Structures are given as structure tokens and as C-alpha cells.
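**Student:** As input, take model10.cif (mmCIF, C-alpha atoms):
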data_structure
loop_
_atom_site.label_atom_id
_atom_site.label_comp_id
_atom_site.auth_asym_id
_atom_site.auth_seq_id
_atom_site.Cartn_x
_atom_site.Cartn_y
_atom_site.Cartn_z
CA MET A 693 33.46 -20.31 2.89
CA ASP A 694 32.34 -16.72 3.58
CA PRO A 695 29.59 -16.66 6.28
CA ALA A 696 27.55 -14.30 4.12
CA ILE A 697 27.49 -16.87 1.29
CA ILE A 698 26.55 -19.77 3.60
CA THR A 699 23.81 -17.76 5.32
CA GLY A 700 22.53 -16.40 2.02
CA ILE A 701 22.25 -19.88 0.51
CA ILE A 702 20.36 -21.22 3.53
CA LEU A 703 18.01 -18.22 3.62
CA LEU A 704 17.28 -18.28 -0.10
CA THR A 705 16.69 -22.05 -0.13
CA CYS A 706 14.37 -21.98 2.86
CA ILE A 707 12.38 -18.98 1.61
CA VAL A 708 11.91 -20.41 -1.89
CA LEU A 709 10.86 -23.82 -0.52
CA GLY A 710 8.52 -22.24 2.03
CA ILE A 711 6.76 -20.11 -0.58
CA ALA A 712 6.61 -23.05 -3.02
CA PHE A 713 4.82 -25.19 -0.40
CA SER A 714 2.46 -22.32 0.62
CA VAL A 715 3.84 -22.03 4.15
CA PRO A 716 2.60 -18.83 5.89
CA ILE A 717 5.06 -16.06 5.09
CA ALA A 718 5.73 -15.19 8.75
CA VAL A 719 6.70 -18.81 9.42
CA VAL A 720 8.87 -18.81 6.30
CA ILE A 721 10.73 -15.68 7.42
CA GLY A 722 11.18 -16.70 11.06
CA GLY A 723 12.02 -20.33 10.29
CA SER A 724 14.52 -19.39 7.58
CA ALA A 725 16.25 -16.93 9.91
CA PHE A 726 16.45 -19.50 12.71
CA LEU A 727 17.92 -22.21 10.47
CA ALA A 728 20.41 -19.78 8.94
CA ALA A 729 21.53 -18.65 12.40
CA ILE A 730 22.43 -22.19 13.58
CA PRO A 731 25.76 -22.42 11.65
CA LEU A 732 26.69 -18.97 12.98
CA LEU A 733 25.58 -19.18 16.63
CA GLY A 734 24.68 -22.78 17.41
CA LEU A 735 21.25 -24.21 18.18
CA GLU A 736 20.74 -22.87 21.72
CA SER A 737 22.11 -19.39 21.04
CA SER A 738 20.07 -19.15 17.82
CA ALA A 739 16.85 -19.88 19.73
CA MET A 740 17.65 -17.32 22.43
CA ALA A 741 18.78 -14.63 19.98
CA GLY A 742 15.72 -15.26 17.80
CA ALA A 743 13.32 -14.81 20.70
CA GLN A 744 15.09 -11.65 21.86
CA GLN A 745 15.11 -10.14 18.37
CA MET A 746 11.44 -10.91 17.76
CA PHE A 747 10.48 -9.22 21.02
CA ALA A 748 12.74 -6.24 20.34
CA GLY A 749 11.32 -5.92 16.83
CA ILE A 750 7.76 -5.33 18.02
CA ASN A 751 8.69 -3.44 21.21
CA SER A 752 8.51 -0.10 19.44
CA PHE A 753 6.43 2.97 20.23
CA PRO A 754 6.20 4.16 16.57
CA LEU A 755 4.99 0.68 15.60
CA LEU A 756 1.94 1.18 17.85
CA ALA A 757 0.57 3.43 15.09
CA ILE A 758 -0.17 0.40 12.90
CA PRO A 759 -2.77 -1.36 15.11
CA LEU A 760 -4.40 1.98 15.82
CA PHE A 761 -4.66 2.92 12.13
CA VAL A 762 -5.94 -0.59 11.41
CA LEU A 763 -8.63 -0.14 14.08
CA ALA A 764 -9.58 3.26 12.64
CA GLY A 765 -9.91 1.70 9.18
CA VAL A 766 -12.11 -1.13 10.44
CA ILE A 767 -14.38 1.34 12.25
CA MET A 768 -14.76 3.40 9.08
CA ASN A 769 -15.42 0.30 6.96
CA THR A 770 -18.12 -0.82 9.38
CA GLY A 771 -19.54 2.69 9.63
CA GLY A 772 -20.65 2.93 6.00
CA ILE A 773 -18.23 5.70 5.12
CA ALA A 774 -17.74 4.27 1.60
CA GLY A 775 -21.20 5.35 0.43
CA ARG A 776 -20.64 9.00 1.35
CA LEU A 777 -17.22 9.07 -0.30
CA ILE A 778 -18.57 7.45 -3.47
CA ASP A 779 -21.35 10.05 -3.64
CA ALA A 780 -18.77 12.83 -3.28
CA ALA A 781 -16.56 11.28 -5.96
CA LYS A 782 -19.58 11.05 -8.25
CA VAL A 783 -20.15 14.79 -7.93
CA LEU A 784 -16.50 15.53 -8.72
CA ALA A 785 -16.40 13.18 -11.73
CA GLY A 786 -19.95 13.82 -12.93
CA ARG A 787 -19.05 15.74 -16.10
CA MET A 788 -16.14 13.55 -17.21
CA PRO A 789 -16.43 10.97 -20.01
CA ALA A 790 -17.24 7.56 -18.49
CA SER A 791 -18.15 9.40 -15.31
CA LEU A 792 -19.13 6.33 -13.29
CA ALA A 793 -15.79 4.61 -13.94
CA GLN A 794 -14.01 7.85 -13.06
CA THR A 795 -16.13 7.96 -9.90
CA ASN A 796 -14.88 4.47 -8.99
CA ILE A 797 -11.28 5.68 -9.33
CA LEU A 798 -11.78 8.84 -7.29
CA ALA A 799 -13.75 6.96 -4.64
CA ASN A 800 -10.93 4.43 -4.28
CA GLY A 801 -8.47 7.29 -3.84
CA LEU A 802 -10.62 8.95 -1.19
CA PHE A 803 -11.55 5.77 0.67
CA GLY A 804 -8.02 4.35 0.43
CA ALA A 805 -6.60 7.56 1.85
CA VAL A 806 -9.03 7.47 4.75
CA SER A 807 -8.76 3.75 5.52
CA GLY A 808 -5.16 3.16 4.37
CA ALA A 809 -6.06 -0.30 3.06
CA ALA A 810 -6.19 -1.18 -0.63
CA VAL A 811 -8.10 -4.44 -0.08
CA ALA A 812 -10.77 -2.72 2.01
CA SER A 813 -11.09 0.00 -0.63
CA ALA A 814 -11.51 -2.49 -3.49
CA ALA A 815 -14.14 -4.41 -1.51
CA ALA A 816 -16.13 -1.45 -0.14
CA VAL A 817 -16.12 0.71 -3.27
CA GLY A 818 -16.42 -2.20 -5.70
CA THR A 819 -19.49 -3.59 -3.97
CA VAL A 820 -21.33 -0.33 -4.68
CA THR A 821 -20.00 0.52 -8.15
CA GLN A 822 -19.71 -2.83 -9.98
CA PRO A 823 -23.46 -3.50 -10.44
CA ARG A 824 -24.03 0.06 -11.61
CA LEU A 825 -21.12 -0.10 -14.08
CA ALA A 826 -22.73 -3.17 -15.65
CA GLU A 827 -26.12 -1.41 -15.82
CA GLU A 828 -24.60 1.54 -17.67
CA GLY A 829 -23.10 -0.66 -20.38
CA TYR A 830 -19.52 -1.12 -19.20
CA ASP A 831 -17.82 -4.41 -19.95
CA ARG A 832 -17.86 -6.30 -16.64
CA ARG A 833 -14.20 -7.27 -16.94
CA PHE A 834 -13.21 -3.68 -17.61
CA GLY A 835 -15.30 -2.48 -14.66
CA ALA A 836 -13.50 -4.93 -12.37
CA ALA A 837 -10.14 -3.78 -13.76
CA VAL A 838 -11.01 -0.13 -13.03
CA ASN A 839 -11.73 -0.98 -9.41
CA VAL A 840 -8.67 -3.20 -8.95
CA ALA A 841 -6.20 -0.87 -10.65
CA SER A 842 -7.16 2.24 -8.68
CA ALA A 843 -7.46 0.68 -5.19
CA PRO A 844 -3.71 0.71 -4.30
CA ALA A 845 -3.49 4.51 -4.58
CA GLY A 846 -4.47 4.63 -0.90
CA MET A 847 -1.22 2.85 -0.02
CA LEU A 848 0.62 6.00 -1.12
CA ILE A 849 -1.77 8.76 0.01
CA PRO A 850 -1.45 9.30 3.79
CA PRO A 851 -1.98 7.90 6.31
CA SER A 852 -0.30 4.71 5.07
CA ASN A 853 0.65 1.69 7.20
CA THR A 854 3.15 0.66 4.53
CA PHE A 855 5.11 3.87 5.02
CA ILE A 856 5.10 3.27 8.78
CA VAL A 857 6.72 -0.14 8.23
CA TYR A 858 9.33 1.41 5.92
CA SER A 859 10.02 4.12 8.50
CA LEU A 860 10.56 1.47 11.16
CA VAL A 861 13.15 -0.34 9.02
CA SER A 862 14.93 2.70 7.61
CA GLY A 863 14.69 5.25 10.42
CA THR A 864 13.15 7.79 8.01
CA SER A 865 10.66 10.39 9.26
CA ILE A 866 7.08 9.12 9.09
CA ALA A 867 5.79 12.64 8.54
CA ALA A 868 8.14 13.16 5.57
CA LEU A 869 7.07 9.84 4.04
CA PHE A 870 3.38 10.64 4.49
CA VAL A 871 3.75 13.96 2.68
CA ALA A 872 6.04 12.46 0.02
CA GLY A 873 3.39 9.93 -0.98
CA VAL A 874 0.76 12.52 -1.94
CA ILE A 875 1.95 13.39 -5.47
CA PRO A 876 2.82 9.79 -6.47
CA GLY A 877 -0.61 8.69 -5.18
CA ILE A 878 -2.30 11.34 -7.31
CA LEU A 879 -0.21 10.28 -10.31
CA TRP A 880 -1.43 6.71 -9.80
CA LEU A 881 -5.05 7.90 -9.90
CA LEU A 882 -4.42 10.11 -12.96
CA ALA A 883 -2.86 7.16 -14.81
CA CYS A 884 -6.01 5.11 -14.22
CA MET A 885 -8.25 8.01 -15.20
CA ALA A 886 -6.33 8.45 -18.48
CA VAL A 887 -7.02 4.81 -19.41
CA VAL A 888 -10.72 5.23 -18.64
CA PHE A 889 -10.80 8.43 -20.73
CA VAL A 890 -9.42 6.54 -23.76
CA TYR A 891 -11.93 3.73 -23.12
CA ALA A 892 -14.76 6.28 -23.08
CA LEU A 893 -13.67 7.69 -26.44
CA ARG A 894 -13.63 4.20 -27.98
CA GLN A 895 -17.04 3.36 -26.49
CA SER A 896 -18.64 6.66 -27.46
CA GLY A 897 -22.42 6.33 -27.59
CA ARG A 898 -22.49 2.87 -26.01
CA LEU A 899 -22.35 3.97 -22.38
CA ARG A 900 -25.44 5.28 -20.64
CA SER A 901 -24.55 8.37 -18.63
CA ASP A 902 -25.82 8.66 -15.11
CA GLN A 903 -28.00 11.66 -14.27
CA ARG A 904 -25.95 14.66 -13.22
CA VAL A 905 -26.75 16.41 -9.98
CA SER A 906 -27.37 20.13 -9.65
CA LEU A 907 -24.87 22.46 -8.04
CA GLY A 908 -26.93 22.68 -4.86
CA GLN A 909 -27.29 18.91 -4.58
CA GLY A 910 -23.58 18.50 -5.26
CA LEU A 911 -22.61 20.86 -2.46
CA VAL A 912 -24.89 18.98 -0.05
CA ILE A 913 -23.40 15.61 -1.05
CA ILE A 914 -19.82 16.85 -0.73
CA GLY A 915 -20.69 18.45 2.60
CA ARG A 916 -21.88 15.06 3.90
CA ALA A 917 -18.48 13.56 2.99
CA VAL A 918 -16.35 16.36 4.41
CA PRO A 919 -16.32 15.03 8.01
CA SER A 920 -14.88 11.72 6.74
CA LEU A 921 -12.22 13.46 4.65
CA LEU A 922 -11.28 15.71 7.56
CA MET A 923 -9.61 12.73 9.22
CA ILE A 924 -6.74 13.02 6.73
CA ILE A 925 -6.31 16.71 7.55
CA VAL A 926 -6.50 16.04 11.30
CA VAL A 927 -3.92 13.23 11.15
CA VAL A 928 -1.42 14.71 8.70
CA GLY A 929 -1.97 18.31 9.77
CA GLY A 930 -1.45 17.41 13.42
CA ILE A 931 1.85 15.69 12.62
CA LEU A 932 3.09 18.56 10.44
CA GLY A 933 2.02 21.12 12.99
CA GLY A 934 3.91 19.34 15.76
CA LEU A 935 0.74 18.80 17.79
CA PHE A 936 1.33 15.05 18.10
CA THR A 937 3.54 12.23 16.85
CA ALA A 938 2.52 9.70 14.19
CA THR A 939 1.58 7.22 16.92
CA GLU A 940 -0.49 9.79 18.78
CA SER A 941 -2.13 10.77 15.49
CA ALA A 942 -3.26 7.15 15.06
CA ALA A 943 -4.96 7.29 18.47
CA ILE A 944 -6.60 10.57 17.46
CA ALA A 945 -7.78 8.87 14.25
CA VAL A 946 -9.46 6.08 16.26
CA LEU A 947 -11.21 8.61 18.50
CA TYR A 948 -12.27 10.68 15.49
CA CYS A 949 -13.72 7.62 13.74
CA LEU A 950 -15.65 6.61 16.87
CA VAL A 951 -17.11 10.10 17.25
CA LEU A 952 -17.93 10.28 13.53
CA SER A 953 -19.61 6.87 13.54
CA ALA A 954 -21.62 7.82 16.62
CA PHE A 955 -22.66 11.05 14.86
CA TYR A 956 -23.70 9.12 11.74
CA ARG A 957 -25.31 6.43 13.98
CA THR A 958 -23.76 3.73 11.78
CA VAL A 959 -21.81 1.81 14.45
CA ARG A 960 -23.52 0.38 17.53
CA TRP A 961 -21.89 -0.71 20.76
CA GLN A 962 -22.88 -4.27 19.84
CA ASP A 963 -20.62 -3.99 16.79
CA MET A 964 -17.50 -3.13 18.80
CA PRO A 965 -16.48 -6.69 19.80
CA GLN A 966 -16.41 -7.81 16.15
CA ILE A 967 -14.60 -4.61 15.13
CA LEU A 968 -11.91 -5.25 17.76
CA VAL A 969 -11.60 -8.89 16.68
CA ASP A 970 -11.15 -7.89 13.03
CA ALA A 971 -8.57 -5.24 13.90
CA GLY A 972 -6.80 -7.63 16.28
CA ARG A 973 -6.59 -10.36 13.64
CA THR A 974 -4.99 -8.00 11.10
CA THR A 975 -2.66 -6.54 13.73
CA ALA A 976 -1.52 -9.99 14.87
CA ILE A 977 -0.54 -10.91 11.32
CA ILE A 978 1.43 -7.69 10.86
CA MET A 979 3.18 -7.92 14.23
CA LEU A 980 4.19 -11.53 13.68
CA LEU A 981 5.68 -10.49 10.35
CA VAL A 982 7.55 -7.60 11.96
CA GLY A 983 8.92 -9.80 14.74
CA ALA A 984 10.03 -12.55 12.35
CA SER A 985 11.59 -9.99 10.02
CA ALA A 986 13.52 -8.44 12.94
CA MET A 987 15.07 -11.85 13.54
CA LEU A 988 15.88 -12.13 9.83
CA GLY A 989 17.44 -8.68 9.84
CA PHE A 990 19.63 -9.63 12.78
CA VAL A 991 20.89 -12.76 10.99
CA MET A 992 21.62 -10.86 7.78
CA SER A 993 23.41 -8.09 9.65
CA PHE A 994 25.44 -10.57 11.72
CA SER A 995 26.58 -12.39 8.57
CA ARG A 996 27.14 -9.07 6.72
CA ILE A 997 24.89 -10.02 3.79
CA PRO A 998 23.84 -6.39 3.00
CA ASP A 999 27.49 -5.33 2.87
CA ALA A 1000 28.34 -8.24 0.56
CA ILE A 1001 25.46 -7.43 -1.82
CA SER A 1002 26.31 -3.73 -1.77
CA SER A 1003 29.94 -4.47 -2.67
CA LEU A 1004 28.83 -6.79 -5.47
CA VAL A 1005 26.53 -4.14 -6.97
CA LEU A 1006 29.20 -1.45 -6.73
CA GLU A 1007 31.64 -3.72 -8.55
CA PHE A 1008 29.06 -4.49 -11.23
CA THR A 1009 28.13 -0.90 -12.10
CA ASP A 1010 28.64 2.71 -11.04
CA SER A 1011 25.57 3.97 -12.91
CA ARG A 1012 22.76 5.28 -10.75
CA VAL A 1013 20.24 4.70 -13.56
CA ILE A 1014 21.17 1.04 -13.91
CA VAL A 1015 21.02 0.52 -10.14
CA LEU A 1016 17.54 2.09 -9.98
CA LEU A 1017 16.36 -0.08 -12.89
CA LEU A 1018 17.75 -3.23 -11.26
CA MET A 1019 16.04 -2.45 -7.96
CA MET A 1020 12.78 -1.64 -9.78
CA ILE A 1021 12.83 -4.98 -11.59
CA VAL A 1022 13.60 -6.90 -8.40
CA LEU A 1023 10.90 -5.11 -6.38
CA LEU A 1024 8.29 -5.56 -9.11
CA ALA A 1025 9.11 -9.27 -9.28
CA ILE A 1026 9.04 -9.64 -5.48
CA GLY A 1027 5.70 -7.84 -5.27
CA THR A 1028 4.01 -10.42 -7.48
CA PHE A 1029 4.39 -13.17 -4.87
CA MET A 1030 4.94 -11.34 -1.57
CA ASP A 1031 2.86 -8.77 0.32
CA PRO A 1032 4.40 -5.29 0.74
CA THR A 1033 4.98 -5.56 4.52
CA PRO A 1034 7.26 -8.63 4.53
CA ALA A 1035 8.91 -7.48 1.29
CA ILE A 1036 9.85 -4.16 2.91
CA LEU A 1037 11.07 -5.84 6.08
CA ILE A 1038 13.28 -8.26 4.13
CA PHE A 1039 14.64 -6.24 1.22
CA VAL A 1040 14.89 -2.63 2.44
CA PRO A 1041 17.82 -3.46 4.79
CA ILE A 1042 19.59 -4.90 1.72
CA PHE A 1043 18.75 -2.21 -0.83
CA LEU A 1044 18.80 0.95 1.31
CA PRO A 1045 22.63 0.96 1.86
CA ILE A 1046 23.06 0.60 -1.91
CA ALA A 1047 20.63 3.44 -2.55
CA THR A 1048 22.35 5.79 -0.11
CA GLU A 1049 25.73 4.86 -1.61
CA PHE A 1050 24.46 6.26 -4.92
CA GLY A 1051 23.07 9.40 -3.29
CA ILE A 1052 19.39 8.41 -3.40
CA ASP A 1053 17.42 10.13 -0.65
CA PRO A 1054 15.81 7.66 1.80
CA VAL A 1055 12.43 9.42 1.49
CA HIS A 1056 12.47 9.17 -2.30
CA PHE A 1057 13.65 5.56 -2.03
CA GLY A 1058 10.79 4.77 0.36
CA VAL A 1059 8.20 6.12 -2.06
CA MET A 1060 9.84 4.15 -4.86
CA VAL A 1061 9.76 0.92 -2.82
CA VAL A 1062 6.12 1.31 -1.76
CA MET A 1063 4.95 2.24 -5.26
CA ASN A 1064 6.80 -0.72 -6.80
CA LEU A 1065 5.35 -3.16 -4.28
CA SER A 1066 1.87 -1.64 -4.67
CA VAL A 1067 1.90 -2.84 -8.29
CA GLY A 1068 2.30 -6.37 -6.95
CA VAL A 1069 -1.03 -6.33 -5.09
CA ILE A 1070 -2.91 -6.05 -8.42
CA THR A 1071 -0.90 -8.65 -10.37
CA PRO A 1072 -1.03 -12.45 -10.24
CA PRO A 1073 -0.30 -14.88 -8.74
CA VAL A 1074 -0.72 -13.51 -5.20
CA GLY A 1075 -2.22 -10.05 -5.77
CA ASN A 1076 -4.76 -9.84 -2.94
CA VAL A 1077 -6.47 -6.72 -4.33
CA LEU A 1078 -6.86 -8.49 -7.68
CA LEU A 1079 -8.44 -11.50 -5.97
CA VAL A 1080 -10.86 -9.36 -3.94
CA GLY A 1081 -11.74 -7.11 -6.89
CA ALA A 1082 -12.49 -10.10 -9.14
CA ARG A 1083 -14.60 -11.73 -6.44
CA VAL A 1084 -16.62 -8.53 -5.85
CA ALA A 1085 -17.25 -8.19 -9.61
CA ARG A 1086 -18.02 -11.94 -9.88
CA GLN A 1087 -15.49 -12.32 -12.66
CA ARG A 1088 -12.75 -14.86 -13.27
CA ILE A 1089 -9.29 -13.62 -12.35
CA GLU A 1090 -7.93 -14.52 -15.80
CA SER A 1091 -10.49 -12.33 -17.57
CA VAL A 1092 -9.83 -9.39 -15.25
CA VAL A 1093 -6.07 -9.69 -15.79
CA VAL A 1094 -6.57 -9.35 -19.56
CA SER A 1095 -8.42 -6.06 -19.02
CA MET A 1096 -5.75 -4.90 -16.54
CA TRP A 1097 -2.95 -4.48 -19.09
CA PRO A 1098 -3.73 -0.88 -20.17
CA PHE A 1099 -3.89 0.16 -16.51
CA LEU A 1100 -0.64 -1.62 -15.66
CA LEU A 1101 1.17 0.11 -18.53
CA ALA A 1102 -0.13 3.52 -17.43
CA ILE A 1103 0.78 2.84 -13.79
CA LEU A 1104 4.28 1.69 -14.79
CA ALA A 1105 4.70 4.94 -16.74
CA ALA A 1106 3.79 6.87 -13.57
CA LEU A 1107 6.21 4.66 -11.61
CA PHE A 1108 9.06 5.53 -13.98
CA LEU A 1109 8.31 9.22 -13.48
CA VAL A 1110 8.43 8.84 -9.70
CA VAL A 1111 11.63 6.75 -9.73
CA PHE A 1112 13.61 8.95 -12.12
CA ALA A 1113 12.19 12.33 -11.06
CA PRO A 1114 12.91 12.48 -7.31
CA VAL A 1115 11.38 15.95 -7.08
CA LEU A 1116 7.92 14.34 -7.34
CA SER A 1117 8.58 12.68 -3.97
CA THR A 1118 10.74 15.28 -2.25
CA TRP A 1119 9.20 18.60 -3.29
CA LEU A 1120 6.27 18.60 -0.83
CA PRO A 1121 8.34 17.43 2.21
CA GLU A 1122 10.92 20.12 1.42
CA LEU A 1123 8.17 22.72 1.01
CA VAL A 1124 6.78 22.06 4.49
CA GLY A 1125 10.23 21.83 6.08
CA LEU A 1126 10.41 18.07 6.68
CA MET A 1127 13.60 17.63 4.62
CA ASP A 1128 16.83 19.59 4.44
#
Take the structure I supplied and represent it as C-alpha cells, if you would.
**Tutor:**
Amino acid sequence: MDPAIITGIILLTCIVLGIAFSVPIAVVIGGSAFLAAIPLLGLESSAMAGAQQMFAGINSFPLLAIPLFVLAGVIMNTGGIAGRLIDAAKVLAGRMPASLAQTNILANGLFGAVSGAAVASAAAVGTVTQPRLAEEGYDRRFGAAVNVASAPAGMLIPPSNTFIVYSLVSGTSIAALFVAGVIPGILWLLACMAVVFVYALRQSGRLRSDQRVSLGQGLVIIGRAVPSLLMIIVVVGGILGGLFTATESAAIAVLYCLVLSAFYRTVRWQDMPQILVDAGRTTAIIMLLVGASAMLGFVMSFSRIPDAISSLVLEFTDSRVIVLLLMMIVLLAIGTFMDPTPAILIFVPIFLPIATEFGIDPVHFGVMVVMNLSVGVITPPVGNVLLVGARVARQRIESVVVSMWPFLLAILAALFLVVFAPVLSTWLPELVGLMD
């Protein structure tokens, strides 16, 4: 029998069983790869090759950006940055219908862009906005859905750890991916804002509007948030200007956050041990996933599984539209039970050769992959942002999911635009000279 078929059967069986029995995903990936390698290499060689591949997978200078961005995000979360960003978002959304809900969306976009973490955004912003949404007459389930639906926009707006992982797997420019995610991230926010606008029209007269601030007060509030928002300009601008690499920009981000927190006097030296522990815990999980996925990638490459799947798809259809739809469906399904990082590490090596065969630009494909998988973090059964958002709002997950449907439909519409209109992903990178 073809080695690709044997290896594929072993991998698929082990992964399905591991997920079914709630085995940690890193163990599932590494264990499946090791067991699949035994028929190809033997027991001893599989163990040696697995150890070598795991070490090689994390022995990467660009990958150092992830723990540094994680540390920067934890510092900002601890430093009370969320309150300033929410106040700024409130000024910007103050004259919109359902202004507080729109504020929640904008604040998630701002905080997610600064911290790069959808879960942290849902928790930090939701903790502040959910009680006030209830006070102003919003349905509690709808308020939770607003927070959950808008939180993943930060996974697309730079800096984004998810794009760094994709860059590591695909060899695509991190700077190009960062810039490419801006417009799709904004589209995600606009889709959520459109749903809230319709909700406001239907609830006309039932919502109590918050007091609007004067122009002078608004300028002061926005000015207080500008130093936090400048981190995005420092990081992305430094990369685009050639001042430093993506990894060096992550170190600059950590330094900037430390200086900013010291200026705000919101982080004490006594807080640093816990901050480092929190960042280290998250980093350890990510690095274990990367190492295990490197081993899995080696096994799949050795058995030529990507080539076999690519040949099968090319025999099935020669339509680019159908291929994009098939990959969208698969990625959306995968995202419902697997976090974006392991999903990228497992499936991008399989799908990227197919995408390039059909002339799909790797930058556009990366945005498509990340946006598809971002939908998964707000859908059951494993959507971690959904779980956190429901917990913050003190609502049952089932009731929040019912209120999520209008947002999911609007987000899927934005996703279709991004997938089938590549210019939305490639125009900005081409404009700044990051793509040919």
C-alpha cells in the first residue's frame, strides 16, 4: 500500500481518537506523528527523528517574536490599558445608534490590535462593558454576543501572533502579512457594527443613551489613549521602515509597554514575577505545539501526503472557485474544534501547495486561513473566546450562541469578500512595496 495512505490513516485515526478523549492537542499532534513514523522509519529512528524535528522546529529566530509579543500583551493587560482604550472608543462611537455596544466593538478592535489576543480582549473589555450594557437596557445575551463576536478582529489587525505562526510554516513575509490583515480586520469590525446598527433600529426608544462628552473632553480622553495606540505604529512602522525585523519589533514592544506602564504607574516591580509566569505559561503551550507540529510536518513530508492530497484535488476539479470553497469549508469546520495555532501548523503545509498551484498568492491565502480559523474561536464546541465572553457576561453559552447568529452571518459575508476579492488582502502590502 502507498506510504502516504498508511501514514494518513494512522495520523487521522490517532488525531480523531485523541480529540475525542480530550487529550491535550500538543500530545495528540506529537504522539500521532511518532506512531505514524514507526512504519516508515522504525521505533528507534522515529524517536530520534522526532526529537531532532521538535528541536529544529522551535530553534528559530523569527519564532522568538511570539513569546515577546505575548509578554507585551500580558504587561498591557496588567497595566490597565483596557480602560483608556474603552474610553477612547466611547468618544469615537458616542453619536452612533446603540453607542455603548458600538463602543464595545471598537474597544475590542483597539485592544485586540494592541495585545494581539482575542481571549484577553474579550475578558478585559467585556468586564468593563457588560454591566453597563445591562444598565442601559441591552439584552444580556445580545451584549455578550457583541463582545464575543468582535474580539477576534485583533487576530487580523497587526501585530498578530497567528500571522507569525503562518509565516513560520509558509515562509511568507511577516511584514506583508501584518499589513495584509488590516483591511480584513476592519471589515470584521464593520460587520459587527452593522448588526448592532440594525439591533438599535429595532430597539428604538428602549435603550438608554449614555451621556455624550464634549469636544474638549473627547480630545483629552483620546489623548490619554494615544500612547497605548502608538505601540502599533512603532511596531508596524519600524518593520515597514526597515528599522528592525519582526522579532526585534517584538522586543521593542516589550520595552515600550514597560516604559508606558511605568509612566502610567499601573505595573509595580512586585507584579513582574506573575507577569513573567503568565507569559511563560502561554509561551510554553505555543512552543510545544510548534515543536510537535514540526515533527508532524516532517512525517507528512517524508510520506508525501501533501503531494498526494494535491494530486487528488487537481484530479477532482480545476476550478479555483470550487477549491477556495472546499478549503473554506474545511477550515471553518477545523476551527470549531481546534485552536488556530495547531490548525495552521497541521493544515497549511497540506493546503498551501494546492493554493499556489491555482495561482493564489501566499499572503492572500494566509489572511484567508487566519480569518477562517478566527471564526472558530467564537463558535462551539471549543471556541475559547465564546467561553470567556459568556463567563464574563455571566450567561449560559447556549443562550449566547443563539444571539450570535446575526453576527456570524455578517462575519461570514465579510469572509467571502476577503476570500474572493484578493485585492482586499494584497492592496496595502503592494502599496507599501512589500509585494511584487
**Student:** When distances are computed from all atoms listed in the file, which of A:Trp880, A:Phe1050, A:Phe1008, A:Phe994 shows the smallest separation from Ala725 in chain A?
**Tutor:**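 Smallest separation from Ala725 in chain A among the options: A:Phe994.
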**Student:** Let me make sure I understand: among A:Ala1085, A:Ala837, A:Val1005, A:Leu1079, which one has the smallest atom-to-atom distance to Leu1100 in chain A if we use only C-alpha atoms?
**Tutor:**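 Of the candidates, the smallest distance to Leu1100 in chain A is held by A:Ala837.
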**Student:** For range 960-974 of chain A, work out the shell of residues within 10 Å, counting only C-alpha atoms and skipping chain neighbours fewer than 3 positions away, then give it as a ChimeraX atom specification.
**Tutor:** /A:758-767,769-771,953-954,957,977-979
**Student:** Given the file shown, enumerate the residues that the PyMOL selection byres ((chain A and resi 860-862) around 8) captures and present them as JSON, numbers by chain.
**Tutor:** {"A": [754, 755, 856, 857, 858, 859, 863, 864, 1036, 1037, 1040, 1041, 1044, 1054]}
**Student:** So which one's closest to Phe747 in chain A, A:Ala826, A:Val1077, A:Val982, A:Ile1042? Using only C-alpha atoms, please.
**Tutor:**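 Closest candidate: A:Val982.
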**Student:** Between A:Pro731, A:Gly818, A:Pro1034, A:Pro716, which one has atoms that come closest to Val1080 in chain A, using only C-alpha atoms?
**Tutor:**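 Closest to Val1080 in chain A of all the choices is A:Gly818.
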**Student:** Compile the contact shell of Asp1031 in chain A as a PyMOL selection string: residues with an atom at most 10 Å away, counting all atoms listed in the file, same-chain residues fewer than 2 positions apart removed.
**Tutor:** chain A and resi 717+1026-1029+1033-1036+1065-1066+1068-1069+1074-1076
**Student:** State, in Å with one decimal place, the distance from CA of Ile875 in chain A to CA of Pro850 in chain A.
**Tutor:**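 Calculated distance between CA of Ile875 in chain A and CA of Pro850 in chain A is 10.7 Å.
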**Student:** Tell me, in Å to one decimal, how far CA of Leu848 in chain A is from CA of Ser1117 in chain A.
**Tutor:** 10.8 Å
